[in-house]
Amino acid sequence: MGNVFLILLRFGYHILFFLLEFVAIYLIVNYNQSQKEIFINSTNILATSVNQKVDDLERFSNLQQTNDQLKLENARLVERFIQENVNSTAQNIDTLVSDSLKYELIPATICNSTYTLRNNNLTLCQGSLSGIEKDMGVITDNGLVGIVRNVSPNYSRVMSILHSQSLIDCAIKRNNAHGTLIWNGRNSRILNLIDIPKHISVLQGDTIITSGYSTIFPKGILVGKIKEVTLANGSNSYDISVELFNDPVTLNTAFVVRNKQAAEQLAIESQTSQ
Amino acid sequence: MNNTAIYRNIVRAIGLLLLQLLVLNRVDLGIGSFHYIHFLIYPFIILMLPVNTPKAVVLLASFAIGITVDMFYNSPGVHAAALVVTGYLRALILRFLAPYEGYTNKTSPTLVQTGFSWFISYTSVMMLIHCFAYFSFEAFTFVYFFDIFLNTIFTVIPSLVLFILLHLIFRSKF
């Protein structure tokens with residue numbers, strides 16, 4: 001207590017000065033319009049710049065979380081897009097309701113991939129713990145990635161569409177003609193659509209989408225556009241080269257498509273085929 | 001500070017405040033677009049306080065006078081802030097300008113008690129501080145530094161001349 005008194009005695013004059021100055025400036029800022037505006041403006045500039053720095057830091061530390069969130073949001077959006085495609089062909093209101101639950105997208109990160117080999121594969125950082133199962137399709141918002149071949153709890157192995165065994169049923173959007181998409185192993189942006197009979201009209205620039213005939217990919221995922229159409233002598237079907245919309249080399253995120261009715265469809269198909 | 005000194009200072013304070021608030025407040029010295037001339041006479045109340053006035057009293061008096069002026073100038077806090085700065089720096093300037101033999105107990109920094117040259121240097125330094133502080137607080141930003149500078153110069157000189165004239169007129173009273 002005595003010390004406090006001594007300090008007051010020694011510095012009281014300065015403290016009093018700052019006190020009075022504070023009161024005066026408080027009055028200036030509160031009761032004078034132009035000074036008030038300047039004060040608010042200046043403090044805003046200071047506070048904003050400091051806040052911005054802190055925000056930047058916070059955003060940086062939350063980057064991973066934000067990224068995951070965005071991936072999930074994207075998955076929901078693409079899901080809706082798929083649902084629209086499915087619903088546009090369905091007439092019955094009951095089908096609409098059940099169809100709207102048919103596909104679910106699981107966001108996934110690609111941790112390893114090859115593109116330069118004849119048979120290319122990818123590894124996803126998500127596995128059965130995230131709900132991924134064998135034979136699910138992997139897509140991005142504007143293209144195909146591949147098909148899940150193998151699943152461990154935390155990883156999945158995906159056969160890329162850039163694989164000699166990859167045969168995906170696709171269709172020309174304009175006239176719904178079906179063909180099979182294969183890769184001939186030369187250019188990672190160019191795939192080939194075969195088995196389209198020569199009586200169907202095929203134009204350069206036509207959009208290729210998935211047909212939805214298998215349980216792997218939903219109908220209407222954009223794949224690419226026709227770059228070149230050739231008809232070999234004596235052949236009964238076109239040889240069509242398709243330029244992909246996405247570049248499979250630069251991907252790092254993808255969605256795994258979960259078809260909830262796949263088992264049911266496969267069961268009834270296998271029963272009847274005998 | 002004896003009773004006469006207190007009495008004199010109070011009378012001086014009231015006189016200068018009345019002059020400032022009722023007369024100079026209404027004087028417009030703008031010549032065309034040249035509007036830098038102002039009369040600020042009230043800081044002399046603080047400037048003329050006896051040297052041995054307690055520092056805290058100087059500060060409180062500065063604040064009180066500043067607020068009074070602000071009431072009439074309709075600018076809450078601006079004169080007070082500037083005058084508190086002036087009062088705060090008064091002790092420093094006085095120490096800086098102290099004569100060789102020091103101040104006596106009775107010294108007031110008036111023209112009569114000190115020499116003309118000492119008086120001029122003391123008042124001009126103090127008025128420069130006050131006017132600079134005042135116009136800075138008025139603008140509240142140094143963006144208009146040239147305006148603040150011109151205002152300061154063209155306020156210090158006429159105010160000082162006016163005060164010296166008053167000082168000479170009321171010589172016996174001080």
# chains A, B, ... in the order shown; residues from 1 in each chain; ligands from 1
>>> residues_around(residues="region 22-25 of chain B", least_positions_apart="2", cutoff="9 Å", atoms="only C-alpha atoms", output="NGL selection string")
:B and (17-20 or 27-28 or 38-41 or 72-73)
>>> write_last_selection(atoms="N, CA, C and O atoms", output="compact mmCIF listing (two decimals), in the first residue's frame")
# COMPACT_ATOMS: atom_id res chain seq x y z
N LEU B 17 -10.75 34.76 -20.34
CA LEU B 17 -11.81 33.87 -20.82
C LEU B 17 -12.95 34.67 -21.42
O LEU B 17 -13.46 34.33 -22.49
N LEU B 18 -13.33 35.76 -20.73
CA LEU B 18 -14.42 36.59 -21.25
C LEU B 18 -14.04 37.15 -22.61
O LEU B 18 -14.83 37.14 -23.55
N LEU B 19 -12.80 37.63 -22.71
CA LEU B 19 -12.34 38.20 -23.99
C LEU B 19 -12.37 37.13 -25.08
O LEU B 19 -12.85 37.37 -26.20
N GLN B 20 -11.87 35.94 -24.72
CA GLN B 20 -11.80 34.87 -25.72
C GLN B 20 -13.20 34.43 -26.17
O GLN B 20 -13.46 34.30 -27.35
N VAL B 27 -14.97 36.95 -33.81
CA VAL B 27 -14.16 37.68 -34.80
C VAL B 27 -13.81 36.74 -35.95
O VAL B 27 -13.25 35.65 -35.73
N ASP B 28 -14.16 37.16 -37.15
CA ASP B 28 -13.81 36.35 -38.31
C ASP B 28 -12.71 37.05 -39.07
O ASP B 28 -12.90 38.13 -39.61
N HIS B 38 -6.31 33.00 -36.45
CA HIS B 38 -7.22 32.88 -35.31
C HIS B 38 -6.56 33.58 -34.12
O HIS B 38 -5.34 33.73 -34.08
N PHE B 39 -7.38 33.98 -33.18
CA PHE B 39 -6.85 34.51 -31.92
C PHE B 39 -7.11 33.49 -30.82
O PHE B 39 -8.27 33.19 -30.53
N LEU B 40 -6.04 32.96 -30.26
CA LEU B 40 -6.20 32.07 -29.10
C LEU B 40 -5.47 32.72 -27.93
O LEU B 40 -4.25 32.70 -27.86
N ILE B 41 -6.25 33.33 -27.04
CA ILE B 41 -5.65 34.12 -25.97
C ILE B 41 -5.69 33.39 -24.63
O ILE B 41 -4.90 33.64 -23.76
N PHE B 72 -18.12 26.89 -25.37
CA PHE B 72 -18.53 28.03 -26.20
C PHE B 72 -18.17 27.83 -27.66
O PHE B 72 -18.83 28.34 -28.54
N TYR B 73 -17.10 27.08 -27.91
CA TYR B 73 -16.70 26.83 -29.29
C TYR B 73 -17.42 25.62 -29.89
O TYR B 73 -17.20 25.28 -31.03
>>> interface_residues(of="chain B", to="chain A", cutoff="8 Å", atoms="only C-alpha atoms", output="ChimeraX atom specification")
/B:55-56,59-60,63,75-78,80-81,84-85,88,138-141
>>> write_last_selection(atoms="all heavy atoms", output="tab-separated table (two decimals), in the first residue's frame")
chain	number	residue	atom	x	y	z
B	55	LYS	N	2.19	21.13	-10.03
B	55	LYS	CA	1.99	20.67	-11.42
B	55	LYS	C	0.58	20.13	-11.63
B	55	LYS	O	-0.03	20.35	-12.67
B	55	LYS	CB	3.00	19.58	-11.75
B	55	LYS	CG	4.43	20.06	-11.85
B	55	LYS	CD	5.31	18.84	-12.09
B	55	LYS	CE	6.78	19.18	-12.11
B	55	LYS	NZ	7.57	17.93	-12.19
B	56	ALA	N	0.09	19.40	-10.63
B	56	ALA	CA	-1.25	18.81	-10.76
B	56	ALA	C	-2.29	19.91	-10.89
B	56	ALA	O	-3.24	19.79	-11.67
B	56	ALA	CB	-1.55	17.94	-9.56
B	59	LEU	N	-2.35	21.14	-14.39
B	59	LEU	CA	-3.05	20.22	-15.29
B	59	LEU	C	-4.56	20.34	-15.13
B	59	LEU	O	-5.29	20.44	-16.13
B	59	LEU	CB	-2.64	18.78	-15.01
B	59	LEU	CG	-1.35	18.28	-15.66
B	59	LEU	CD1	-1.14	16.82	-15.34
B	59	LEU	CD2	-1.38	18.49	-17.16
B	60	LEU	N	-5.01	20.35	-13.87
B	60	LEU	CA	-6.46	20.41	-13.63
B	60	LEU	C	-7.02	21.73	-14.14
B	60	LEU	O	-8.09	21.77	-14.76
B	60	LEU	CB	-6.75	20.22	-12.14
B	60	LEU	CG	-6.51	18.80	-11.64
B	60	LEU	CD1	-6.59	18.73	-10.13
B	60	LEU	CD2	-7.52	17.83	-12.26
B	63	PHE	N	-7.33	21.60	-17.87
B	63	PHE	CA	-8.49	20.84	-18.31
B	63	PHE	C	-9.76	21.65	-18.13
B	63	PHE	O	-10.61	21.73	-19.03
B	63	PHE	CB	-8.56	19.53	-17.52
B	63	PHE	CG	-9.62	18.60	-18.03
B	63	PHE	CD1	-9.43	17.90	-19.21
B	63	PHE	CD2	-10.80	18.44	-17.34
B	63	PHE	CE1	-10.39	17.05	-19.69
B	63	PHE	CE2	-11.78	17.58	-17.82
B	63	PHE	CZ	-11.57	16.88	-18.99
B	75	SER	N	-17.01	22.46	-29.40
B	75	SER	CA	-16.09	21.43	-29.91
B	75	SER	C	-15.57	20.60	-28.74
B	75	SER	O	-14.41	20.69	-28.38
B	75	SER	CB	-14.92	22.07	-30.64
B	75	SER	OG	-14.25	22.93	-29.73
B	76	PRO	N	-16.45	19.82	-28.09
B	76	PRO	CA	-16.09	19.16	-26.83
B	76	PRO	C	-14.74	18.44	-26.88
B	76	PRO	O	-14.54	17.58	-27.72
B	76	PRO	CB	-17.22	18.15	-26.62
B	76	PRO	CG	-18.35	18.70	-27.39
B	76	PRO	CD	-17.77	19.42	-28.54
B	77	GLY	N	-13.84	18.85	-25.99
B	77	GLY	CA	-12.60	18.11	-25.82
B	77	GLY	C	-11.42	18.61	-26.61
B	77	GLY	O	-10.29	18.35	-26.23
B	78	VAL	N	-11.65	19.37	-27.69
B	78	VAL	CA	-10.52	19.73	-28.56
B	78	VAL	C	-9.59	20.70	-27.84
B	78	VAL	O	-8.38	20.46	-27.72
B	78	VAL	CB	-11.02	20.34	-29.89
B	78	VAL	CG1	-9.85	20.67	-30.78
B	78	VAL	CG2	-11.96	19.38	-30.58
B	80	ALA	N	-9.56	21.34	-24.68
B	80	ALA	CA	-9.11	20.73	-23.43
B	80	ALA	C	-7.90	19.84	-23.67
B	80	ALA	O	-6.90	19.91	-22.95
B	80	ALA	CB	-10.25	19.92	-22.80
B	81	ALA	N	-7.98	19.00	-24.70
B	81	ALA	CA	-6.87	18.10	-25.00
B	81	ALA	C	-5.60	18.89	-25.29
B	81	ALA	O	-4.52	18.57	-24.77
B	81	ALA	CB	-7.24	17.22	-26.20
B	84	VAL	N	-4.27	20.68	-22.09
B	84	VAL	CA	-3.65	19.74	-21.14
B	84	VAL	C	-2.24	19.38	-21.60
B	84	VAL	O	-1.31	19.30	-20.79
B	84	VAL	CB	-4.52	18.47	-20.97
B	84	VAL	CG1	-3.78	17.40	-20.20
B	84	VAL	CG2	-5.80	18.82	-20.23
B	85	VAL	N	-2.06	19.23	-22.90
B	85	VAL	CA	-0.71	19.00	-23.42
B	85	VAL	C	0.18	20.19	-23.08
B	85	VAL	O	1.31	20.02	-22.60
B	85	VAL	CB	-0.76	18.78	-24.96
B	85	VAL	CG1	0.64	18.78	-25.54
B	85	VAL	CG2	-1.47	17.50	-25.30
B	88	TYR	N	1.03	20.27	-19.46
B	88	TYR	CA	1.94	19.18	-19.12
B	88	TYR	C	3.37	19.55	-19.50
B	88	TYR	O	4.31	19.31	-18.74
B	88	TYR	CB	1.50	17.93	-19.86
B	88	TYR	CG	2.36	16.72	-19.62
B	88	TYR	CD1	2.37	16.08	-18.38
B	88	TYR	CD2	3.16	16.21	-20.63
B	88	TYR	CE1	3.15	14.97	-18.15
B	88	TYR	CE2	3.95	15.09	-20.41
B	88	TYR	CZ	3.93	14.48	-19.18
B	88	TYR	OH	4.71	13.37	-18.95
B	138	GLU	N	-7.86	19.22	-33.79
B	138	GLU	CA	-9.01	19.64	-34.58
B	138	GLU	C	-9.10	18.85	-35.87
B	138	GLU	O	-10.16	18.38	-36.27
B	138	GLU	CB	-8.91	21.14	-34.88
B	138	GLU	CG	-10.22	21.73	-35.33
B	138	GLU	CD	-10.05	23.11	-35.90
B	138	GLU	OE1	-8.98	23.38	-36.48
B	138	GLU	OE2	-10.99	23.90	-35.78
B	139	ALA	N	-7.93	18.67	-36.53
B	139	ALA	CA	-7.94	17.91	-37.78
B	139	ALA	C	-8.01	16.42	-37.49
B	139	ALA	O	-8.59	15.66	-38.25
B	139	ALA	CB	-6.69	18.22	-38.59
B	140	PHE	N	-7.37	16.02	-36.39
B	140	PHE	CA	-7.37	14.63	-35.92
B	140	PHE	C	-6.66	13.67	-36.88
B	140	PHE	O	-6.82	12.47	-36.81
B	140	PHE	CB	-8.78	14.13	-35.65
B	140	PHE	CG	-8.85	13.25	-34.43
B	140	PHE	CD1	-8.51	13.75	-33.20
B	140	PHE	CD2	-9.23	11.93	-34.53
B	140	PHE	CE1	-8.55	12.95	-32.08
B	140	PHE	CE2	-9.26	11.12	-33.41
B	140	PHE	CZ	-8.93	11.64	-32.19
B	141	THR	N	-5.91	14.23	-37.79
B	141	THR	CA	-5.12	13.39	-38.70
B	141	THR	C	-3.99	14.27	-39.21
B	141	THR	O	-4.13	15.49	-39.31
B	141	THR	CB	-5.96	12.88	-39.87
B	141	THR	OG1	-5.06	12.47	-40.90
B	141	THR	CG2	-6.88	13.93	-40.41
>>> atom_distance(atom1="CA of Asn192 (chain A)", atom2="CA of Asp135 (chain A)")
22.0 Å
>>> residues_around(residues="Ile172 (chain A)", least_positions_apart="6", cutoff="7 Å", atoms="only C-alpha atoms", output="JSON, numbers by chain")
{"A": [178, 206, 207, 208, 209]}
>>> residues_around(residues="Leu162 (chain A)", least_positions_apart="5", cutoff="10 Å", atoms="only C-alpha atoms", output="list in words")
Thr114, Tyr115, Thr116, Leu117, Arg118, Asn119, Asn120, Asn121, Val145, Gly146, Ile182, Trp183, Asn184, Gly185, Arg186, Asn187, Ser188, Arg189, Ile190, Leu191 and Pro248 of chain A
>>> residues_around(residues="region 231-245 of chain A", least_positions_apart="6", cutoff="8 Å", atoms="only C-alpha atoms", output="count of residues only")
17
>>> atom_distance(atom1="CA of Ser166 (chain A)", atom2="CA of Glu104 (chain A)")
22.6 Å
>>> closest_residue(among="B:Ala82, B:Thr155, B:Pro50, B:Ile10", to="Ser136 (chain B)", atoms="only C-alpha atoms")
B:Ala82
>>> select_by_dssp(residues="region 106-268 of chain A", states="helix (DSSP H, G or I)", output="list in words")
Ser128, Leu129, Ser130, Ala262, Ala263, Glu264, Gln265, Leu266, Ala267 and Ile268 of chain A
>>> select_by_dssp(residues="region 1-249 of chain A", states="strand (DSSP E or B)", output="number ranges by chain")
A: 103-113, 121-124, 137-140, 143-151, 156-160, 168-172, 178-182, 190-194, 197, 207-210, 222-230, 237, 239-244
>>> write_last_selection(atoms="C-alpha atoms", output="compact mmCIF listing (two decimals), in the first residue's frame")
# COMPACT_ATOMS: atom_id res chain seq x y z
CA TYR A 103 -26.92 -43.26 -55.10
CA GLU A 104 -24.67 -41.95 -52.41
CA LEU A 105 -21.30 -40.31 -53.00
CA ILE A 106 -18.34 -40.80 -50.69
CA PRO A 107 -15.63 -38.15 -51.05
CA ALA A 108 -12.16 -39.64 -51.37
CA THR A 109 -8.59 -38.46 -51.80
CA ILE A 110 -6.29 -40.04 -54.32
CA CYS A 111 -3.01 -40.90 -52.61
CA ASN A 112 -1.22 -42.82 -55.30
CA SER A 113 -1.69 -43.29 -58.99
CA ASN A 121 -4.27 -48.13 -61.04
CA LEU A 122 -5.00 -45.64 -58.31
CA THR A 123 -5.05 -45.83 -54.54
CA LEU A 124 -7.65 -43.95 -52.50
CA GLY A 137 -17.49 -46.62 -59.45
CA VAL A 138 -15.17 -43.67 -58.88
CA ILE A 139 -16.01 -40.37 -60.56
CA THR A 140 -15.28 -36.65 -60.40
CA GLY A 143 -15.64 -37.39 -65.58
CA LEU A 144 -14.87 -40.97 -64.73
CA VAL A 145 -11.90 -42.18 -62.72
CA GLY A 146 -12.24 -45.93 -62.44
CA ILE A 147 -13.72 -48.87 -60.59
CA VAL A 148 -12.83 -50.11 -57.10
CA ARG A 149 -11.14 -53.52 -57.30
CA ASN A 150 -9.91 -54.06 -53.80
CA VAL A 151 -10.66 -52.59 -50.38
CA SER A 156 -8.94 -48.85 -51.76
CA ARG A 157 -7.34 -49.89 -54.99
CA VAL A 158 -9.00 -48.52 -58.07
CA MET A 159 -8.62 -49.75 -61.62
CA SER A 160 -8.29 -46.61 -63.69
CA ILE A 168 -17.42 -49.05 -69.41
CA ASP A 169 -20.85 -48.82 -70.93
CA CYS A 170 -21.39 -45.32 -72.29
CA ALA A 171 -23.90 -43.58 -74.48
CA ILE A 172 -24.09 -40.67 -76.87
CA HIS A 178 -24.79 -47.37 -76.46
CA GLY A 179 -21.19 -48.38 -76.81
CA THR A 180 -18.25 -49.50 -74.74
CA LEU A 181 -15.52 -47.17 -73.64
CA ILE A 182 -12.00 -48.62 -73.79
CA ILE A 190 -8.24 -39.87 -75.50
CA LEU A 191 -10.40 -42.98 -75.05
CA ASN A 192 -12.21 -45.06 -77.65
CA LEU A 193 -15.89 -45.77 -77.90
CA ILE A 194 -16.54 -49.01 -79.77
CA PRO A 197 -23.33 -49.71 -85.16
CA THR A 207 -21.28 -35.51 -75.72
CA ILE A 208 -20.63 -38.91 -74.23
CA ILE A 209 -22.28 -39.80 -70.90
CA THR A 210 -22.50 -42.95 -68.84
CA LEU A 222 -20.36 -36.50 -68.28
CA VAL A 223 -17.40 -38.33 -69.79
CA GLY A 224 -16.17 -36.43 -72.81
CA LYS A 225 -16.91 -35.35 -76.33
CA ILE A 226 -16.34 -37.05 -79.66
CA LYS A 227 -13.14 -35.91 -81.27
CA GLU A 228 -12.93 -38.08 -84.34
CA VAL A 229 -15.19 -40.63 -86.02
CA THR A 230 -13.84 -43.25 -88.42
CA SER A 237 -19.26 -50.31 -86.18
CA ASP A 239 -14.26 -46.35 -84.24
CA ILE A 240 -14.80 -43.21 -82.19
CA SER A 241 -12.11 -41.35 -80.24
CA VAL A 242 -13.45 -39.49 -77.22
CA GLU A 243 -11.68 -36.58 -75.60
CA LEU A 244 -12.23 -36.60 -71.85
